[in-house]
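Asks: My structure is in target-v5.txt, and what it holds is compact mmCIF, C-alpha atoms:
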```txt
# COMPACT_ATOMS: atom_id res chain seq x y z
CA MET E 1 100.34 100.89 69.68
CA SER E 2 103.42 103.11 69.44
CA ASP E 3 106.19 101.27 67.56
CA PRO E 4 106.79 102.02 63.86
CA SER E 5 105.68 98.58 62.71
CA SER E 6 102.32 99.00 64.44
CA ARG E 7 101.93 102.45 62.93
CA ARG E 8 102.64 101.01 59.48
CA GLU E 9 99.92 98.43 60.07
CA GLN E 10 97.54 101.30 60.76
CA VAL E 11 98.50 102.81 57.40
CA ALA E 12 97.17 99.67 55.71
CA THR E 13 94.00 99.79 57.80
CA VAL E 14 93.21 103.42 57.05
CA THR E 15 94.07 103.31 53.35
CA ALA E 16 91.72 100.35 52.99
CA ASP E 17 88.92 102.21 54.78
CA PRO E 18 89.69 105.95 54.43
CA PRO E 19 87.64 108.92 55.63
CA PRO E 20 85.60 110.07 52.56
CA VAL E 21 86.34 113.75 53.10
CA HIS E 22 86.56 114.71 49.40
CA GLY E 23 83.49 112.89 48.12
CA PRO E 24 82.92 111.54 44.59
CA VAL E 25 85.29 114.09 43.05
CA ALA E 26 88.19 112.00 44.41
CA GLY E 27 86.95 108.77 42.86
CA ALA E 28 85.92 105.49 44.43
CA GLN E 29 87.86 106.07 47.66
CA GLN E 30 86.30 109.55 48.00
CA VAL E 31 89.54 110.96 49.37
CA TRP E 32 92.70 112.24 47.74
CA SER E 33 95.79 110.49 49.05
CA THR E 34 99.54 110.31 48.58
CA GLU E 35 101.88 107.37 48.00
CA LEU E 36 102.10 104.57 50.55
CA ASP E 37 105.82 105.17 50.99
CA CYS E 38 105.04 108.69 52.19
CA TYR E 39 102.68 107.35 54.86
CA ASP E 40 105.37 104.82 55.76
CA PHE E 41 107.85 107.67 56.18
CA LEU E 42 105.40 109.50 58.43
CA ALA E 43 104.82 106.31 60.45
CA ARG E 44 108.55 106.11 61.14
CA HIS E 45 108.79 109.73 62.30
CA VAL E 46 105.54 110.48 64.15
CA GLU E 47 105.48 109.02 67.65
CA PRO E 48 102.71 109.44 70.25
CA GLY E 49 102.78 112.98 71.59
CA ALA E 50 104.57 114.40 68.54
CA ARG E 51 103.55 117.97 67.78
CA THR E 52 102.33 117.97 64.19
CA LEU E 53 100.62 120.31 61.75
CA GLU E 54 99.17 119.72 58.31
CA THR E 55 97.44 121.74 55.65
CA GLY E 56 94.71 119.72 53.99
CA CYS E 57 92.61 116.91 55.43
CA GLY E 58 92.36 113.21 54.62
CA VAL E 59 94.14 109.92 55.18
CA SER E 60 97.06 111.66 56.84
CA THR E 61 94.74 113.36 59.32
CA ALA E 62 93.31 110.00 60.35
CA LEU E 63 96.81 108.58 60.74
CA PHE E 64 98.18 111.44 62.82
CA THR E 65 95.14 111.02 65.07
CA LEU E 66 95.54 107.24 65.38
CA TRP E 67 99.22 107.66 66.17
CA GLY E 68 98.43 109.90 69.14
CA ALA E 69 100.06 113.05 67.80
CA GLU E 70 99.17 116.46 69.18
CA HIS E 71 97.84 117.34 65.77
CA THR E 72 96.50 120.49 64.15
CA CYS E 73 94.78 120.23 60.78
CA CYS E 74 94.25 123.42 58.78
CA VAL E 75 91.44 122.79 56.29
CA TYR E 76 89.36 125.15 54.18
CA ALA E 77 85.95 123.51 54.65
CA GLN E 78 84.20 122.68 57.92
CA GLU E 79 82.43 119.85 56.09
CA GLU E 80 85.70 117.95 55.66
CA ALA E 81 86.45 118.23 59.37
CA ASP E 82 82.94 117.02 60.22
CA ILE E 83 83.26 113.99 57.94
CA LEU E 84 86.63 113.07 59.44
CA LEU E 85 85.29 113.36 63.00
CA ALA E 86 82.22 111.26 62.17
CA TRP E 87 84.46 108.62 60.55
CA ALA E 88 86.63 108.53 63.68
CA ARG E 89 83.67 108.28 66.06
CA GLU E 90 82.25 105.34 64.10
CA ARG E 91 85.56 103.53 64.67
CA ASP E 92 86.02 104.56 68.32
CA ILE E 93 89.14 106.57 67.50
CA ASP E 94 90.24 109.04 70.17
CA VAL E 95 90.16 112.56 68.68
CA SER E 96 91.02 114.42 71.89
CA ARG E 97 94.46 115.39 70.55
CA LEU E 98 93.12 116.48 67.15
CA LYS E 99 92.35 120.15 66.52
CA PHE E 100 90.87 121.61 63.35
CA GLU E 101 91.51 125.17 62.19
CA ILE E 102 89.00 126.11 59.52
CA GLY E 103 89.76 128.53 56.71
CA PRO E 104 92.31 129.29 54.01
CA SER E 105 95.80 128.53 55.27
CA ASP E 106 97.20 131.94 54.35
CA ALA E 107 94.74 133.46 56.82
CA VAL E 108 94.75 130.72 59.46
CA LEU E 109 98.41 129.79 59.85
CA PRO E 110 99.69 133.27 60.81
CA SER E 111 97.05 133.46 63.56
CA LEU E 112 98.02 130.23 65.34
CA GLU E 113 100.06 130.13 68.53
CA PRO E 114 103.72 129.78 67.49
CA THR E 115 104.31 126.60 69.47
CA GLU E 116 107.25 124.48 68.37
CA LEU E 117 106.52 121.56 66.05
CA ASP E 118 108.15 118.22 65.29
CA LEU E 119 106.69 117.64 61.82
CA VAL E 120 104.71 119.63 59.25
CA PHE E 121 102.86 118.00 56.34
CA ILE E 122 102.04 120.39 53.49
CA ASP E 123 99.17 119.07 51.38
CA GLY E 124 96.60 121.86 51.28
CA SER E 125 95.93 124.22 48.41
CA HIS E 126 97.99 123.29 45.37
CA ALA E 127 97.77 126.70 43.70
CA PHE E 128 100.87 128.91 43.65
CA PRO E 129 101.98 130.43 46.02
CA ALA E 130 99.97 128.56 48.69
CA PRO E 131 102.58 125.80 49.27
CA ILE E 132 105.27 128.43 49.86
CA ILE E 133 103.00 130.27 52.30
CA ASP E 134 102.22 127.01 54.11
CA TRP E 135 105.96 126.27 54.33
CA PHE E 136 106.77 129.78 55.54
CA TYR E 137 104.27 129.77 58.40
CA GLY E 138 104.18 126.04 59.12
CA ALA E 139 107.82 124.99 58.78
CA GLY E 140 108.81 128.24 60.47
CA ARG E 141 107.59 126.64 63.69
CA LEU E 142 109.72 123.50 63.35
CA ARG E 143 112.25 122.79 66.06
CA GLU E 144 115.82 122.12 65.01
CA GLY E 145 115.73 118.55 63.70
CA GLY E 146 112.06 118.83 62.81
CA ILE E 147 110.76 117.62 59.45
CA VAL E 148 108.68 119.18 56.70
CA VAL E 149 107.01 116.87 54.16
CA LEU E 150 105.81 118.32 50.85
CA ASP E 151 103.21 116.40 48.88
CA ASP E 152 102.09 116.53 45.24
CA LEU E 153 105.40 117.66 43.80
CA GLN E 154 104.28 116.40 40.41
CA LEU E 155 102.35 119.69 40.20
CA ALA E 156 104.44 122.63 38.99
CA ALA E 157 102.59 125.08 41.23
CA VAL E 158 103.63 123.08 44.31
CA ARG E 159 107.33 122.70 43.56
CA LEU E 160 107.87 126.07 41.84
CA GLY E 161 110.53 128.02 43.70
CA LEU E 162 110.24 126.10 46.96
CA LEU E 163 112.16 122.94 46.01
CA ASP E 164 114.97 124.97 44.46
CA PHE E 165 115.31 127.12 47.57
CA LEU E 166 115.32 124.17 49.97
CA ALA E 167 117.91 122.37 47.84
CA ARG E 168 120.26 125.36 48.04
CA ASP E 169 119.73 126.34 51.67
CA PRO E 170 122.21 124.43 53.89
CA ARG E 171 119.80 124.76 56.80
CA TRP E 172 117.54 122.17 55.15
CA GLU E 173 118.58 118.58 54.43
CA LEU E 174 116.74 116.39 51.95
CA VAL E 175 116.11 113.03 53.66
CA ALA E 176 113.54 111.45 51.34
CA HIS E 177 112.49 112.24 47.78
CA GLN E 178 110.05 110.48 45.49
CA GLU E 179 108.34 111.83 42.38
CA LYS E 180 105.24 112.84 44.35
CA TRP E 181 106.68 113.91 47.72
CA ALA E 182 109.81 114.92 49.57
CA ALA E 183 110.92 115.38 53.17
CA PHE E 184 113.46 117.82 54.58
CA VAL E 185 115.02 118.03 58.06
CA ARG E 186 115.50 121.52 59.43
CA HIS E 187 118.93 122.39 60.85
CA SER E 188 117.85 125.68 62.39
CA SER E 189 114.90 126.99 64.37
CA GLY E 190 112.70 130.05 64.70
CA PRO E 191 110.63 132.00 62.16
CA LEU E 192 111.74 131.91 58.53
CA ARG E 193 111.54 135.68 58.13
CA GLU E 194 114.96 137.08 57.20
CA GLU E 195 116.81 139.55 54.97
CA TRP E 196 118.40 138.70 51.65
CA THR E 197 121.82 139.15 53.24
CA GLU E 198 121.16 135.97 55.22
CA GLN E 199 120.70 134.03 51.99
CA ARG E 200 124.15 134.38 50.45
CA PHE E 201 123.97 130.75 49.42
CA LEU E 202 121.63 131.85 46.60
CA GLY E 203 124.36 133.98 45.01
CA ASP E 204 123.94 137.50 43.67
```
In structure tokens, how does this file's structure come out?
Replies:
Amino acid sequence: MSDPSSRREQVATVTADPPPVHGPVAGAQQVWSTELDCYDFLARHVEPGARTLETGCGVSTALFTLWGAEHTCCVYAQEEADILLAWARERDIDVSRLKFEIGPSDAVLPSLEPTELDLVFIDGSHAFPAPIIDWFYGAGRLREGGIVVLDDLQLAAVRLGLLDFLARDPRWELVAHQEKWAAFVRHSSGPLREEWTEQRFLGD
């Protein structure tokens, strides 16, 4: 199944029977998750073969896998990866395009091959400045026209600094924004490393 409507149907399937990667700490579902409209947004923008990256592991990981993305999941604990893989095997889900990178994202992301990406989903550590680091190394690999999705914006440590910068940088366009998440299209490409003189839009 590759059309958006089929992918949205898979959202309903997975959210009703999610991989329990976070255990009892996440409540009855045993997995932290975002809003359904965020998964719907992802379903409309992630086609089979899309090159995707996420920090954090959970419902989104299962969906990227089901959708046939060439997906890399950066997750701190091997146990979460093992639970997700076992969940997928029990449901005969093809995981051949899924790759796990284990460890803290600030250490893992800079070491990955800088292949170009179509979409990056930031939902890993929610402690400042981890979301900014994830954006810097993850979204820095987005192609022009690629999308970064930021989750858990209700947390000050996640939105601090990053949302304000993206709102003021004309190279990023806000295309979806809810209380808990937002998505930006990138209108440039290449690493995000630059001098302050290239950020005149911030003012003096």
Asks: Give the answer as one residue: which of E:Ser189, E:Gln78, E:Thr72, E:Gln199 has the shortest atom-to-atom distance to Leu53 of chain E, using only C-alpha atoms?
Replies: E:Thr72
Asks: For atom CA of Arg168 of chain E and atom CA of Leu202 of chain E, determine how far apart the two atoms are, in Å to one decimal place.
Replies: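 Interatomic distance, atom CA of Arg168 of chain E to atom CA of Leu202 of chain E: 6.8 Å.
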Asks: For segment 174-180 of chain E, find every residue with an atom within 9 Å (counting all atoms listed in the file), except residues of its own chain fewer than 6 positions away, and show them as a list in words.
Replies: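 Here the qualifying residues turn out to be Thr34, Glu35, Asp37, Cys38, Phe41, Val149, Leu150, Asp151, Asp152, Leu153, Gln154, Leu155, Leu166 and Ala167 of chain E.
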Asks: Hey, can you check how far atom CA of Leu98 of chain E sits from atom CA of Glu173 of chain E?
Replies: 28.5 Å
Asks: Write out as a list in words which residues come within 8 Å of Thr55 of chain E when counting only C-alpha atoms, dropping same-chain ones fewer than 4 positions away.
Replies: Cys73, Cys74, Val75, Ser105, Phe121, Ile122, Asp123, Gly124, Ser125 and Asp134 of chain E
Asks: With only C-alpha atoms as the counted atoms, please give the residues lying no more than 12 Å from Glu47 of chain E, apart from itself and same-chain residues fewer than 3 positions off, as an MDAnalysis selection string.
Replies: chainID E and resid 1:8 41:44 50:52 63:71 118:119
Asks: Measure the distance from atom CA of Pro191 of chain E to atom CA of Arg143 of chain E in Å and round it to one decimal.
Replies: 10.1 Å
Asks: Which one of E:Ile133, E:Ile147, E:Thr15, E:Ser96 sits closest to Gly49 of chain E if you count only C-alpha atoms?
Replies: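 Closest to Gly49 of chain E, using only C-alpha atoms: E:Ser96.
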Asks: Residues within 10 Å of Glu79 of chain E, please, as a ChimeraX atom specification. Count only C-alpha atoms; anything in the same chain fewer than 5 positions from it doesn't count.
Replies: /E:21-22,84-85,102
Asks: Box for segment 23-36 of chain E - axis-aligned, 3 Å on each of the six sides, all listed atoms - centre and size in Å to one decimal, as lines of an AutoDock Vina configuration file.
Replies:
```
center_x = 92.5
center_y = 109.3
center_z = 46.7
size_x = 25.2
size_y = 15.5
size_z = 13.7
```
Asks: Skip Thr115 of chain E itself and residues of its chain fewer than 2 positions away, then list as an mmCIF file with C-alpha atoms, in the coordinates of the input all residues within 7 Å of it, counting only C-alpha atoms.
Replies:
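File written: out28.cif
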```cif
data_model
loop_
_atom_site.group_PDB
_atom_site.id
_atom_site.type_symbol
_atom_site.label_atom_id
_atom_site.label_comp_id
_atom_site.auth_asym_id
_atom_site.auth_seq_id
_atom_site.Cartn_x
_atom_site.Cartn_y
_atom_site.Cartn_z
ATOM 1 C CA GLU E 113 100.060 130.130 68.530
ATOM 2 C CA LEU E 117 106.520 121.560 66.050
ATOM 3 C CA ARG E 141 107.590 126.640 63.690
#
```
Asks: Check the smallest atom-to-atom distance from each of E:Lys99, E:Arg200, E:Arg159, E:Arg186 to Gly140 of chain E using all atoms listed in the file, then report the winner.
Replies: E:Arg186
Asks: Hey, which of E:Leu160, E:Ala62, E:Ala12, E:Ile93 ends up closest to Glu80 of chain E? Count all atoms listed in the file.
Replies: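 Using all atoms listed in the file, Glu80 of chain E sits closest to E:Ala62.
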Asks: Using the atoms already present, construct N, CA and C atoms for segment 16-48 of chain E and hand them back as a PDB file, keeping the file's coordinate frame.
Replies:
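So the final result, stored in selection.pdb, reads:
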```pdb
ATOM      1  N   ALA E  16      92.748 101.270  53.455  1.00  0.00           N
ATOM      2  CA  ALA E  16      91.720 100.350  52.990  1.00  0.00           C
ATOM      3  C   ALA E  16      90.314 100.827  53.332  1.00  0.00           C
ATOM      4  N   ASP E  17      90.218 101.701  54.316  1.00  0.00           N
ATOM      5  CA  ASP E  17      88.920 102.210  54.780  1.00  0.00           C
ATOM      6  C   ASP E  17      89.085 103.687  55.155  1.00  0.00           C
ATOM      7  N   PRO E  18      89.330 104.558  54.150  1.00  0.00           N
ATOM      8  CA  PRO E  18      89.690 105.950  54.430  1.00  0.00           C
ATOM      9  C   PRO E  18      88.482 106.828  54.740  1.00  0.00           C
ATOM     10  N   PRO E  19      88.716 107.947  55.402  1.00  0.00           N
ATOM     11  CA  PRO E  19      87.640 108.920  55.630  1.00  0.00           C
ATOM     12  C   PRO E  19      87.269 109.595  54.308  1.00  0.00           C
ATOM     13  N   PRO E  20      86.004 109.577  53.890  1.00  0.00           N
ATOM     14  CA  PRO E  20      85.600 110.070  52.560  1.00  0.00           C
ATOM     15  C   PRO E  20      85.427 111.589  52.522  1.00  0.00           C
ATOM     16  N   VAL E  21      86.472 112.304  52.898  1.00  0.00           N
ATOM     17  CA  VAL E  21      86.340 113.750  53.100  1.00  0.00           C
ATOM     18  C   VAL E  21      86.206 114.544  51.799  1.00  0.00           C
ATOM     19  N   HIS E  22      86.587 113.954  50.661  1.00  0.00           N
ATOM     20  CA  HIS E  22      86.560 114.710  49.400  1.00  0.00           C
ATOM     21  C   HIS E  22      85.433 114.280  48.472  1.00  0.00           C
ATOM     22  N   GLY E  23      84.672 113.268  48.871  1.00  0.00           N
ATOM     23  CA  GLY E  23      83.490 112.890  48.120  1.00  0.00           C
ATOM     24  C   GLY E  23      83.798 112.287  46.758  1.00  0.00           C
ATOM     25  N   PRO E  24      82.785 112.198  45.903  1.00  0.00           N
ATOM     26  CA  PRO E  24      82.920 111.540  44.590  1.00  0.00           C
ATOM     27  C   PRO E  24      83.988 112.158  43.690  1.00  0.00           C
ATOM     28  N   VAL E  25      84.312 113.441  43.905  1.00  0.00           N
ATOM     29  CA  VAL E  25      85.290 114.090  43.050  1.00  0.00           C
ATOM     30  C   VAL E  25      86.647 113.398  43.124  1.00  0.00           C
ATOM     31  N   ALA E  26      86.910 112.690  44.237  1.00  0.00           N
ATOM     32  CA  ALA E  26      88.190 112.000  44.410  1.00  0.00           C
ATOM     33  C   ALA E  26      88.151 110.561  43.932  1.00  0.00           C
ATOM     34  N   GLY E  27      87.036 110.133  43.374  1.00  0.00           N
ATOM     35  CA  GLY E  27      86.950 108.770  42.860  1.00  0.00           C
ATOM     36  C   GLY E  27      86.349 107.808  43.866  1.00  0.00           C
ATOM     37  N   ALA E  28      86.570 106.524  43.634  1.00  0.00           N
ATOM     38  CA  ALA E  28      85.920 105.490  44.430  1.00  0.00           C
ATOM     39  C   ALA E  28      86.245 105.599  45.913  1.00  0.00           C
ATOM     40  N   GLN E  29      87.467 105.958  46.247  1.00  0.00           N
ATOM     41  CA  GLN E  29      87.860 106.070  47.660  1.00  0.00           C
ATOM     42  C   GLN E  29      87.301 107.325  48.323  1.00  0.00           C
ATOM     43  N   GLN E  30      86.881 108.291  47.519  1.00  0.00           N
ATOM     44  CA  GLN E  30      86.300 109.550  48.000  1.00  0.00           C
ATOM     45  C   GLN E  30      87.255 110.356  48.877  1.00  0.00           C
ATOM     46  N   VAL E  31      88.546 110.151  48.657  1.00  0.00           N
ATOM     47  CA  VAL E  31      89.540 110.960  49.370  1.00  0.00           C
ATOM     48  C   VAL E  31      90.817 110.969  48.539  1.00  0.00           C
ATOM     49  N   TRP E  32      91.405 112.157  48.386  1.00  0.00           N
ATOM     50  CA  TRP E  32      92.700 112.240  47.740  1.00  0.00           C
ATOM     51  C   TRP E  32      93.747 111.699  48.698  1.00  0.00           C
ATOM     52  N   SER E  33      94.762 111.054  48.179  1.00  0.00           N
ATOM     53  CA  SER E  33      95.790 110.490  49.050  1.00  0.00           C
ATOM     54  C   SER E  33      97.143 110.557  48.359  1.00  0.00           C
ATOM     55  N   THR E  34      98.200 110.317  49.137  1.00  0.00           N
ATOM     56  CA  THR E  34      99.540 110.310  48.580  1.00  0.00           C
ATOM     57  C   THR E  34     100.034 108.865  48.459  1.00  0.00           C
ATOM     58  N   GLU E  35     101.311 108.702  48.176  1.00  0.00           N
ATOM     59  CA  GLU E  35     101.880 107.370  48.000  1.00  0.00           C
ATOM     60  C   GLU E  35     102.037 106.659  49.344  1.00  0.00           C
ATOM     61  N   LEU E  36     101.956 105.345  49.323  1.00  0.00           N
ATOM     62  CA  LEU E  36     102.100 104.570  50.550  1.00  0.00           C
ATOM     63  C   LEU E  36     103.461 104.772  51.198  1.00  0.00           C
ATOM     64  N   ASP E  37     104.507 104.982  50.389  1.00  0.00           N
ATOM     65  CA  ASP E  37     105.820 105.170  50.990  1.00  0.00           C
ATOM     66  C   ASP E  37     105.912 106.491  51.762  1.00  0.00           C
ATOM     67  N   CYS E  38     105.089 107.462  51.413  1.00  0.00           N
ATOM     68  CA  CYS E  38     105.040 108.690  52.190  1.00  0.00           C
ATOM     69  C   CYS E  38     104.401 108.433  53.550  1.00  0.00           C
ATOM     70  N   TYR E  39     103.299 107.693  53.574  1.00  0.00           N
ATOM     71  CA  TYR E  39     102.680 107.350  54.860  1.00  0.00           C
ATOM     72  C   TYR E  39     103.623 106.494  55.693  1.00  0.00           C
ATOM     73  N   ASP E  40     104.391 105.628  55.041  1.00  0.00           N
ATOM     74  CA  ASP E  40     105.370 104.820  55.760  1.00  0.00           C
ATOM     75  C   ASP E  40     106.443 105.711  56.383  1.00  0.00           C
ATOM     76  N   PHE E  41     106.881 106.717  55.641  1.00  0.00           N
ATOM     77  CA  PHE E  41     107.850 107.670  56.180  1.00  0.00           C
ATOM     78  C   PHE E  41     107.271 108.373  57.403  1.00  0.00           C
ATOM     79  N   LEU E  42     106.033 108.839  57.293  1.00  0.00           N
ATOM     80  CA  LEU E  42     105.400 109.500  58.430  1.00  0.00           C
ATOM     81  C   LEU E  42     105.295 108.553  59.619  1.00  0.00           C
ATOM     82  N   ALA E  43     104.958 107.291  59.368  1.00  0.00           N
ATOM     83  CA  ALA E  43     104.820 106.310  60.450  1.00  0.00           C
ATOM     84  C   ALA E  43     106.135 106.137  61.207  1.00  0.00           C
ATOM     85  N   ARG E  44     107.244 106.281  60.507  1.00  0.00           N
ATOM     86  CA  ARG E  44     108.550 106.110  61.140  1.00  0.00           C
ATOM     87  C   ARG E  44     108.999 107.354  61.912  1.00  0.00           C
ATOM     88  N   HIS E  45     108.324 108.478  61.694  1.00  0.00           N
ATOM     89  CA  HIS E  45     108.790 109.730  62.300  1.00  0.00           C
ATOM     90  C   HIS E  45     107.772 110.418  63.212  1.00  0.00           C
ATOM     91  N   VAL E  46     106.570 109.873  63.295  1.00  0.00           N
ATOM     92  CA  VAL E  46     105.540 110.480  64.150  1.00  0.00           C
ATOM     93  C   VAL E  46     105.216 109.517  65.288  1.00  0.00           C
ATOM     94  N   GLU E  47     105.730 109.829  66.471  1.00  0.00           N
ATOM     95  CA  GLU E  47     105.480 109.020  67.650  1.00  0.00           C
ATOM     96  C   GLU E  47     104.333 109.627  68.457  1.00  0.00           C
ATOM     97  N   PRO E  48     103.751 108.870  69.377  1.00  0.00           N
ATOM     98  CA  PRO E  48     102.710 109.440  70.250  1.00  0.00           C
ATOM     99  C   PRO E  48     103.221 110.690  70.948  1.00  0.00           C
TER     100      PRO E  48
END
```
